[in-house]
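The file work.txt contains compact mmCIF, C-alpha atoms:
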```txt
# COMPACT_ATOMS: atom_id res chain seq x y z
CA MET A 21 95.99 48.36 -308.02
CA ALA A 22 93.42 51.18 -308.27
CA THR A 23 93.18 53.38 -305.20
CA SER A 24 89.38 53.12 -305.51
CA ASP A 25 89.73 49.47 -304.42
CA VAL A 26 91.51 50.53 -301.25
CA VAL A 27 90.16 51.99 -298.03
CA VAL A 28 92.18 53.15 -295.05
CA ILE A 29 90.79 52.20 -291.64
CA ILE A 30 91.81 54.32 -288.66
CA PRO A 31 90.70 53.15 -285.21
CA ALA A 32 90.60 56.14 -282.87
CA HIS A 33 89.92 56.56 -279.16
CA ASN A 34 90.14 60.13 -277.87
CA GLU A 35 92.45 61.25 -280.68
CA ALA A 36 90.78 64.59 -281.44
CA ALA A 37 94.14 66.37 -281.38
CA THR A 38 95.60 64.37 -284.25
CA VAL A 39 92.93 62.47 -286.17
CA GLY A 40 91.96 65.38 -288.43
CA ASP A 41 95.51 65.91 -289.69
CA VAL A 42 95.99 62.17 -290.17
CA VAL A 43 92.78 61.88 -292.21
CA ARG A 44 93.77 64.84 -294.40
CA ALA A 45 97.25 63.39 -294.96
CA VAL A 46 95.82 60.01 -295.97
CA ARG A 47 93.25 61.57 -298.30
CA ALA A 48 96.03 63.60 -299.91
CA GLU A 49 97.51 60.27 -300.98
CA GLY A 50 94.28 59.47 -302.80
CA PHE A 51 92.73 56.98 -300.39
CA PRO A 52 89.23 57.12 -298.88
CA VAL A 53 89.29 56.98 -295.08
CA VAL A 54 87.00 55.41 -292.52
CA VAL A 55 87.58 56.36 -288.90
CA VAL A 56 86.18 53.99 -286.30
CA ASP A 57 85.48 56.15 -283.28
CA ASP A 58 86.04 53.69 -280.45
CA GLY A 59 83.78 55.17 -277.79
CA SER A 60 85.65 58.48 -277.57
CA THR A 61 84.59 61.06 -275.03
CA ASP A 62 86.19 63.95 -276.92
CA THR A 63 85.50 65.35 -280.39
CA THR A 64 87.33 62.63 -282.33
CA ALA A 65 84.28 61.82 -284.47
CA GLU A 66 83.61 65.46 -285.37
CA CYS A 67 87.27 66.15 -286.21
CA ALA A 68 87.45 63.06 -288.41
CA ALA A 69 84.21 63.91 -290.22
CA GLU A 70 85.32 67.53 -290.80
CA ALA A 71 88.53 66.23 -292.34
CA GLY A 72 86.50 64.16 -294.80
CA ALA A 73 86.41 60.69 -293.28
CA VAL A 74 83.48 58.34 -293.04
CA VAL A 75 82.94 57.86 -289.30
CA LEU A 76 81.71 54.65 -287.68
CA PRO A 77 80.70 55.60 -284.12
CA LEU A 78 81.04 52.75 -281.62
CA ILE A 79 78.88 53.63 -278.63
CA ILE A 80 81.21 51.82 -276.22
CA ASN A 81 84.95 51.27 -276.24
CA LEU A 82 85.69 47.88 -277.82
CA GLY A 83 89.47 48.22 -278.03
CA VAL A 84 91.58 48.37 -281.17
CA GLY A 85 90.65 44.88 -282.33
CA GLY A 86 86.91 45.53 -282.02
CA ALA A 87 87.21 48.86 -283.81
CA LEU A 88 89.22 47.29 -286.59
CA ARG A 89 86.76 44.47 -287.18
CA CYS A 90 84.02 47.06 -287.50
CA GLY A 91 86.17 48.81 -290.11
CA PHE A 92 86.82 45.55 -291.94
CA ARG A 93 83.08 44.83 -291.99
CA TYR A 94 82.49 48.27 -293.47
CA ALA A 95 85.18 47.63 -296.10
CA VAL A 96 83.68 44.29 -297.12
CA GLN A 97 80.11 45.59 -297.15
CA SER A 98 81.19 48.57 -299.26
CA GLY A 99 82.99 46.42 -301.82
CA TYR A 100 86.59 47.37 -301.15
CA ARG A 101 89.20 44.73 -302.00
CA VAL A 102 92.02 46.04 -299.85
CA ALA A 103 92.08 47.68 -296.42
CA ILE A 104 95.00 49.49 -294.86
CA GLN A 105 94.98 49.97 -291.12
CA CYS A 106 96.73 52.98 -289.71
CA ASP A 107 97.05 54.64 -286.30
CA ALA A 108 95.32 57.94 -285.52
CA ASP A 109 98.26 59.43 -283.61
CA GLY A 110 100.28 60.41 -286.67
CA GLN A 111 103.04 57.80 -286.24
CA HIS A 112 102.41 56.07 -289.55
CA ASP A 113 103.47 57.92 -292.68
CA PRO A 114 100.63 57.85 -295.24
CA LYS A 115 103.21 57.99 -298.05
CA SER A 116 104.37 54.51 -296.96
CA MET A 117 100.92 53.13 -297.82
CA HIS A 118 102.01 52.95 -301.45
CA ALA A 119 104.92 50.74 -300.38
CA LEU A 120 102.48 48.39 -298.62
CA LEU A 121 100.31 48.14 -301.73
CA SER A 122 103.30 47.75 -304.00
CA ALA A 123 104.56 44.82 -301.90
CA MET A 124 101.08 43.33 -301.93
CA GLU A 125 101.10 43.29 -305.72
CA THR A 126 104.67 42.28 -306.42
CA GLU A 127 104.81 39.59 -303.72
CA HIS A 128 101.21 38.44 -304.21
CA ALA A 129 100.72 38.91 -300.49
CA ASP A 130 97.46 38.71 -298.56
CA LEU A 131 98.84 40.61 -295.58
CA VAL A 132 101.65 43.18 -295.67
CA ILE A 133 103.16 44.33 -292.39
CA GLY A 134 104.76 47.77 -292.21
CA ASN A 135 108.05 47.29 -290.39
CA ARG A 136 108.65 50.31 -288.15
CA PHE A 137 112.33 49.52 -287.60
CA GLY A 138 113.58 49.00 -291.11
CA ALA A 139 113.68 52.47 -292.65
CA ALA A 140 114.96 55.94 -292.03
CA GLY A 141 113.34 57.44 -288.98
CA ALA A 142 112.95 54.03 -287.34
CA MET A 143 111.06 54.10 -284.07
CA PRO A 144 113.24 54.32 -280.93
CA ILE A 145 112.20 51.83 -278.24
CA SER A 146 113.33 50.78 -274.78
CA ARG A 147 115.56 47.73 -274.22
CA SER A 148 112.81 45.73 -272.51
CA ARG A 149 110.40 46.41 -275.32
CA ARG A 150 113.02 45.51 -277.89
CA PHE A 151 113.58 42.20 -276.07
CA ALA A 152 109.83 41.45 -276.08
CA MET A 153 109.60 42.30 -279.76
CA ARG A 154 112.53 40.00 -280.57
CA VAL A 155 110.74 37.15 -278.79
CA LEU A 156 107.58 37.87 -280.79
CA ALA A 157 109.51 38.20 -284.04
CA SER A 158 111.05 34.80 -283.43
CA ALA A 159 107.62 33.29 -282.73
CA ALA A 160 106.19 34.98 -285.82
CA ARG A 161 109.03 33.64 -287.94
CA ARG A 162 108.17 30.10 -286.85
CA ALA A 163 104.50 30.59 -287.71
CA VAL A 164 104.96 32.50 -290.97
CA GLY A 165 108.07 30.78 -292.25
CA ARG A 166 109.87 34.03 -292.98
CA ALA A 167 111.28 36.97 -291.05
CA ILE A 168 108.67 39.34 -289.64
CA GLU A 169 110.76 41.85 -287.70
CA ASP A 170 107.84 43.90 -286.40
CA ALA A 171 105.09 41.45 -285.52
CA THR A 172 103.12 44.00 -283.47
CA SER A 173 103.03 46.75 -286.08
CA GLY A 174 99.58 48.27 -286.48
CA PHE A 175 100.47 49.59 -289.92
CA ARG A 176 99.44 46.91 -292.39
CA ALA A 177 97.47 46.18 -295.52
CA VAL A 178 95.15 43.23 -296.06
CA SER A 179 93.45 42.07 -299.23
CA SER A 180 90.49 39.81 -300.00
CA PRO A 181 89.80 36.99 -299.27
CA LEU A 182 91.70 37.45 -296.00
CA LEU A 183 89.92 40.79 -295.58
CA ARG A 184 86.61 38.92 -295.47
CA GLU A 185 88.03 36.62 -292.79
CA PHE A 186 89.12 39.65 -290.76
CA ALA A 187 85.59 41.03 -291.09
CA ARG A 188 84.20 37.72 -289.82
CA GLU A 189 86.56 37.23 -286.89
CA TYR A 190 89.30 39.43 -285.50
CA PRO A 191 91.12 39.21 -282.17
CA SER A 192 90.00 41.86 -279.73
CA GLN A 193 92.50 41.54 -276.86
CA TYR A 194 95.35 44.00 -276.50
CA LEU A 195 97.90 43.40 -279.29
CA GLY A 196 95.89 40.36 -280.42
CA ASP A 197 94.87 42.52 -283.34
CA THR A 198 98.47 42.50 -284.53
CA PHE A 199 100.36 39.39 -283.50
CA GLU A 200 97.51 36.89 -283.22
CA ALA A 201 95.92 37.94 -286.52
CA LEU A 202 99.31 37.61 -288.21
CA VAL A 203 99.92 34.11 -286.87
CA ALA A 204 96.37 32.95 -287.62
CA SER A 205 96.61 34.28 -291.18
CA ALA A 206 99.87 32.47 -291.84
CA ARG A 207 98.57 29.24 -290.37
CA ALA A 208 95.57 29.35 -292.69
CA GLY A 209 97.94 29.52 -295.65
CA TYR A 210 97.77 33.25 -296.42
CA ARG A 211 100.95 34.92 -297.62
CA VAL A 212 102.34 37.39 -295.10
CA VAL A 213 105.24 39.71 -295.98
CA SER A 214 106.94 42.64 -294.29
CA VAL A 215 108.24 45.90 -295.79
CA PRO A 216 110.14 48.79 -294.20
CA THR A 217 108.03 51.88 -293.54
CA THR A 218 108.68 55.36 -292.23
CA ILE A 219 107.62 56.16 -288.70
CA HIS A 220 107.07 59.56 -287.10
CA GLU A 221 106.99 60.74 -283.51
CA ARG A 222 103.58 60.30 -281.91
CA GLN A 223 101.75 63.59 -282.46
CA GLY A 224 99.37 63.12 -279.54
CA GLY A 225 97.54 60.63 -277.35
CA VAL A 226 99.08 58.09 -275.00
CA ARG A 227 100.36 54.51 -275.22
CA SER A 228 97.44 52.11 -275.31
CA ALA A 229 98.65 49.90 -272.44
CA GLY A 230 101.20 49.61 -269.67
CA THR A 231 103.67 46.97 -268.55
CA ALA A 232 101.07 44.66 -266.99
CA ALA A 233 99.05 44.53 -270.20
CA SER A 234 102.22 43.91 -272.19
CA LEU A 235 103.19 40.99 -269.94
CA ALA A 236 99.69 39.56 -270.22
CA PHE A 237 100.01 39.83 -273.96
CA LEU A 238 103.33 37.97 -273.97
CA ALA A 239 101.70 35.15 -271.99
CA ARG A 240 98.82 35.07 -274.42
CA ALA A 241 101.20 35.11 -277.39
CA PHE A 242 102.98 32.12 -275.87
CA LEU A 243 99.67 30.23 -275.70
CA VAL A 244 98.75 31.22 -279.25
CA VAL A 245 102.05 29.93 -280.62
CA THR A 246 102.60 26.82 -278.51
CA LEU A 247 99.06 25.55 -277.92
CA ARG A 248 97.61 26.90 -281.18
CA ILE A 249 94.64 28.48 -279.46
CA GLY A 250 92.92 31.70 -280.42
CA THR A 251 91.57 33.00 -283.70
CA ARG A 252 91.41 30.63 -286.66
CA TYR A 253 90.89 31.62 -290.26
CA ARG A 254 89.60 29.52 -293.11
CA PRO A 255 91.94 29.00 -296.08
CA ALA A 256 91.36 31.23 -299.11
CA ALA A 257 89.64 28.47 -301.09
CA ALA A 258 87.13 27.89 -298.28
CA VAL A 259 86.34 31.61 -298.09
CA ASP A 260 85.72 31.77 -301.86
CA ASP A 261 83.46 28.69 -301.67
CA ALA A 262 81.51 30.22 -298.79
CA ARG A 263 80.96 33.39 -300.82
CA VAL A 264 79.64 31.40 -303.80
CA GLU A 265 77.35 29.34 -301.60
CA GLY A 266 76.34 32.21 -299.36
CA MET B 12 71.13 19.79 -239.17
CA LEU B 13 73.36 22.76 -239.89
CA LEU B 14 73.76 21.77 -243.56
CA VAL B 15 70.02 21.16 -243.95
CA SER B 16 69.30 24.64 -242.56
CA LEU B 17 72.00 26.15 -244.74
CA GLY B 18 70.56 24.44 -247.82
CA LEU B 19 67.05 25.65 -247.05
CA LEU B 20 68.23 29.21 -246.44
CA PHE B 21 70.21 29.20 -249.67
CA ALA B 22 67.20 27.83 -251.60
CA LEU B 23 65.06 30.60 -250.13
CA PHE B 24 67.67 33.19 -251.13
CA ILE B 25 67.64 31.86 -254.72
CA VAL B 26 63.84 31.99 -254.85
CA VAL B 27 63.87 35.62 -253.68
CA LEU B 28 66.47 36.54 -256.32
CA ALA B 29 64.38 34.83 -258.99
CA ARG B 30 61.17 36.55 -257.85
CA TYR B 31 62.88 39.94 -258.15
CA GLN B 32 64.04 38.82 -261.62
CA LEU B 33 67.68 39.18 -260.70
CA LEU B 34 68.24 35.59 -261.87
CA THR B 35 66.94 34.06 -265.09
CA LEU B 36 65.21 30.69 -264.93
CA ARG B 37 68.30 28.99 -266.35
CA TYR B 38 70.53 30.06 -263.46
CA THR B 39 67.74 29.72 -260.90
CA LEU B 40 67.46 26.02 -261.66
CA GLY B 41 71.22 25.49 -261.43
CA TRP B 42 71.60 27.25 -258.10
CA PHE B 43 68.45 25.62 -256.77
CA LEU B 44 70.05 22.25 -257.43
CA VAL B 45 73.12 23.38 -255.49
CA ALA B 46 70.92 24.43 -252.57
CA LEU B 47 69.15 21.07 -252.63
CA SER B 48 72.50 19.28 -252.72
CA ILE B 49 73.67 21.15 -249.63
CA GLY B 50 70.49 20.27 -247.77
CA ALA B 51 70.54 16.66 -248.95
CA SER B 52 74.17 16.17 -247.94
CA GLY B 53 73.22 17.19 -244.40
CA ALA B 54 70.14 15.01 -244.35
CA LEU B 55 71.95 12.00 -245.80
CA GLY B 56 74.79 11.92 -243.31
CA SER B 57 74.46 8.15 -243.01
CA VAL B 58 75.26 7.89 -246.73
CA VAL B 59 78.09 10.41 -246.76
CA LYS B 60 79.98 8.83 -243.85
CA PRO B 61 80.62 5.37 -245.36
CA VAL B 62 81.53 6.89 -248.74
CA ALA B 63 84.01 9.24 -247.04
CA GLU B 64 85.52 6.36 -245.05
CA ALA B 65 85.86 4.29 -248.21
CA LEU B 66 87.85 7.16 -249.73
CA ASP B 67 89.92 7.57 -246.58
CA LEU B 68 88.42 11.02 -246.00
CA ARG B 69 86.48 12.70 -243.26
CA PRO B 70 82.83 13.43 -244.17
CA ILE B 71 83.43 17.18 -244.04
CA GLU B 72 86.38 16.82 -246.44
CA LEU B 73 84.23 14.88 -248.88
CA LEU B 74 81.45 17.47 -248.72
CA LEU B 75 83.90 20.35 -249.15
CA GLY B 76 85.54 18.58 -252.10
CA ILE B 77 82.20 18.03 -253.82
CA SER B 78 81.18 21.64 -253.12
CA LEU B 79 84.43 22.93 -254.56
CA ALA B 80 84.01 20.83 -257.70
CA ILE B 81 80.45 22.09 -258.20
CA LEU B 82 81.50 25.72 -257.71
CA LEU B 83 84.39 25.32 -260.15
CA LEU B 84 82.02 23.90 -262.76
CA ILE B 85 79.59 26.76 -262.23
CA THR B 86 82.44 29.30 -262.51
CA VAL B 87 83.64 27.80 -265.77
CA GLN B 88 80.09 27.76 -267.10
CA LEU B 89 79.68 31.43 -266.16
CA SER B 90 82.99 32.25 -267.85
CA ILE B 91 81.72 30.58 -271.03
CA THR B 92 78.52 32.59 -270.80
CA ALA B 93 80.43 35.84 -270.18
CA SER B 94 82.70 35.14 -273.18
CA GLY B 95 79.66 34.58 -275.38
CA LEU B 96 78.02 37.76 -274.14
CA THR B 97 81.21 39.75 -274.79
CA LYS B 98 81.22 38.49 -278.39
CA MET B 99 77.56 39.39 -278.76
CA VAL B 100 78.04 42.91 -277.35
CA ARG B 101 80.93 43.44 -279.73
CA THR B 102 78.94 42.29 -282.74
CA VAL B 103 75.89 44.36 -281.82
CA THR B 104 78.01 47.47 -281.17
CA GLU B 105 79.70 47.10 -284.56
CA ALA B 106 76.35 46.62 -286.30
CA LEU B 107 75.04 49.71 -284.56
CA ALA B 108 77.99 51.78 -285.79
CA LEU B 109 77.60 50.52 -289.36
CA ASN B 110 73.87 51.28 -289.32
CA GLU B 111 74.47 54.71 -287.80
CA GLU B 112 76.84 55.58 -290.64
CA ARG B 113 74.32 54.26 -293.18
CA ILE B 114 71.47 56.28 -291.68
CA GLN B 115 73.57 59.45 -291.71
CA ARG B 116 74.50 58.82 -295.34
CA LEU B 117 70.85 58.25 -296.28
CA GLU B 118 69.78 61.39 -294.42
CA ARG B 119 72.34 63.40 -296.36
CA GLY B 120 70.80 62.04 -299.55
CA GLY B 121 73.84 60.01 -300.53
CA ALA B 122 71.92 56.72 -300.70
CA GLY B 123 72.90 54.45 -303.54
CA THR B 124 76.23 56.09 -304.34
CA GLY B 125 77.47 56.84 -300.85
CA GLU B 126 78.52 60.28 -302.07
CA SER B 127 78.57 63.34 -299.89
CA GLU B 128 80.31 66.67 -299.82
CA THR B 129 83.38 65.49 -298.00
CA GLU B 130 83.50 61.73 -298.10
CA GLU B 131 84.94 59.55 -300.79
CA PRO B 132 82.51 57.51 -302.90
CA VAL B 133 82.01 53.93 -301.83
CA PRO B 134 82.68 51.44 -304.62
CA SER B 135 79.67 49.37 -305.59
```
Show me the file's structure as structure tokens.
Amino acid sequence: MATSDVVVIIPAHNEAATVGDVVRAVRAEGFPVVVVDDGSTDTTAECAAEAGAVVLPLIINLGVGGALRCGFRYAVQSGYRVAIQCDADGQHDPKSMHALLSAMETEHADLVIGNRFGAAGAMPISRSRRFAMRVLASAARRAVGRAIEDATSGFRAVSSPLLREFAREYPSQYLGDTFEALVASARAGYRVVSVPTTIHERQGGVRSAGTAASLAFLARAFLVVTLRIGTRYRPAAAVDDARVEG
Amino acid sequence: MLLVSLGLLFALFIVVLARYQLLTLRYTLGWFLVALSIGASGALGSVVKPVAEALDLRPIELLLGISLAILLLITVQLSITASGLTKMVRTVTEALALNEERIQRLERGGAGTGESETEEPVPS
């Protein structure tokens, strides 16, 4: 897969301290970068632009899901075939992006999830969070039909035609951008796989939500899995037909 | 008499809100119907009483039940509207960001190729 077909999308909210280094590290791997500045009040946009990223400035904070959909729309409009999403806090190792793309090719996957717990330097987490992630992994396994150990990882690669579906509709609630999108993709017949990736200590910024938001997410995840509500994607064939007709 | 007065006062309140353009016509009509219902339920006590007795309820319980049902429906309708507006705001904000990036690229003279001094070229 040519790197010119791939764009890296980095949603960023008040990440001025780290976003520049992250953009430079990703560009060093040969990928163009688009930073979606999610209503930051600091100099995130300027730092990202100085480091060589295209910047999409959201005038209000839409949350990670909203920022990502904007990035996916940019990717589709600009003709990219594959988008990699990556955090702006320096946790995701840009070198692992090649592993995501490699898995996408060899496994013919539409969505590749970077597993943060399966490689050297795996992310340390609390017991309660590990329990919640096990519950989600179990739910994801039921939906996807294979083991997805890290269903809430924000380090992932998506290819067309699923990329076009992400640009059309993408969950905006907290963690919906990870778990719900994964489940909806699998239910629409897209191939979802997981590969181990390297994780680093957070270089800056703060966790995006607290315990209350996490509990609300678990409740929402329960509804998504059991009642099949939430985002729905069209199967690949339907997306291709829509493009021909449209 | 109390309900009739309450209904009239509420109708007046809705009219004032509408005149100050704090309510659109769509919501004005809905709330005006609610105000009329309150007034009518007071004026039509002779109708409410036998219906309540047939349902083994007191008239006030029947009126409160109907009011609660109407308010729940309005709340759900407002939630639907708010959800739609949230989606619209999100879409408009994204479009604004995409256009902002495009304008900046055009102003830098990178139209057509998307090239600039620092950014990667956009595939066509």
>> If we count all atoms listed in the file and set the cut-off at 9 Å, which residues sit around segment 89-100 of chain A, ignoring sequence neighbours fewer than 6 positions away in its own chain? Please answer as a PyMOL selection string.
In response: (chain A and resi 24-31+54-56+76+78+179-180+183-184+186-192) or (chain B and resi 102+104-106+108-109+133-135)
> Between atom CA of Thr198 of chain A and atom CA of Thr64 of chain A, what is the distance, to one decimal in Å?
Replying inline: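 Pair atom CA of Thr198 of chain A / atom CA of Thr64 of chain A returns 23.1 Å.
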>> I want to know what sits within 9 Å of Leu19 of chain B, based on only C-alpha atoms, with residues of the same chain fewer than 5 positions away left out; could you give that as a PyMOL selection string?
In response: chain B and resi 14+24+46-47+49-50
>> Given the point (101.7, 44.9, -294.7) in the coordinates of this file, which residues lie within 8 Å, counting all atoms listed in the file, and how would they look as a list of chain:residue names?
In response: A:Leu120, A:Leu121, A:Ala123, A:Met124, A:Leu131, A:Val132, A:Ile133, A:Gly134, A:Phe175, A:Arg176, A:Ala177, A:Val178, A:Val212, A:Val213, A:Ser214, A:Val215
> What's the 9 Å shell around Arg101 of chain B, counting all atoms listed in the file, without same-chain residues fewer than 5 positions away, as a count of residues only?
Replying inline: 4
>> Could you list, as a list in words, every residue within 12 Å of segment 65-79 of chain B, counting all atoms listed in the file and ignoring same-chain residues fewer than 4 positions away?
In response: Leu14, Leu44, Val45, Ala46, Ser48, Ile49, Gly50, Ala51, Ser52, Gly53, Leu55, Gly56, Ser57, Val58, Val59, Lys60, Pro61, Leu83, Leu84, Ile85 and Thr86 of chain B
>> Let me make sure I understand: among A:Ala22, A:Ile80, A:Ile249, A:Glu66, which one has the smallest atom-to-atom distance to chain B if we use all atoms listed in the file?
In response: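 Residue with the minimum atom-to-atom distance to chain B: A:Ile80.
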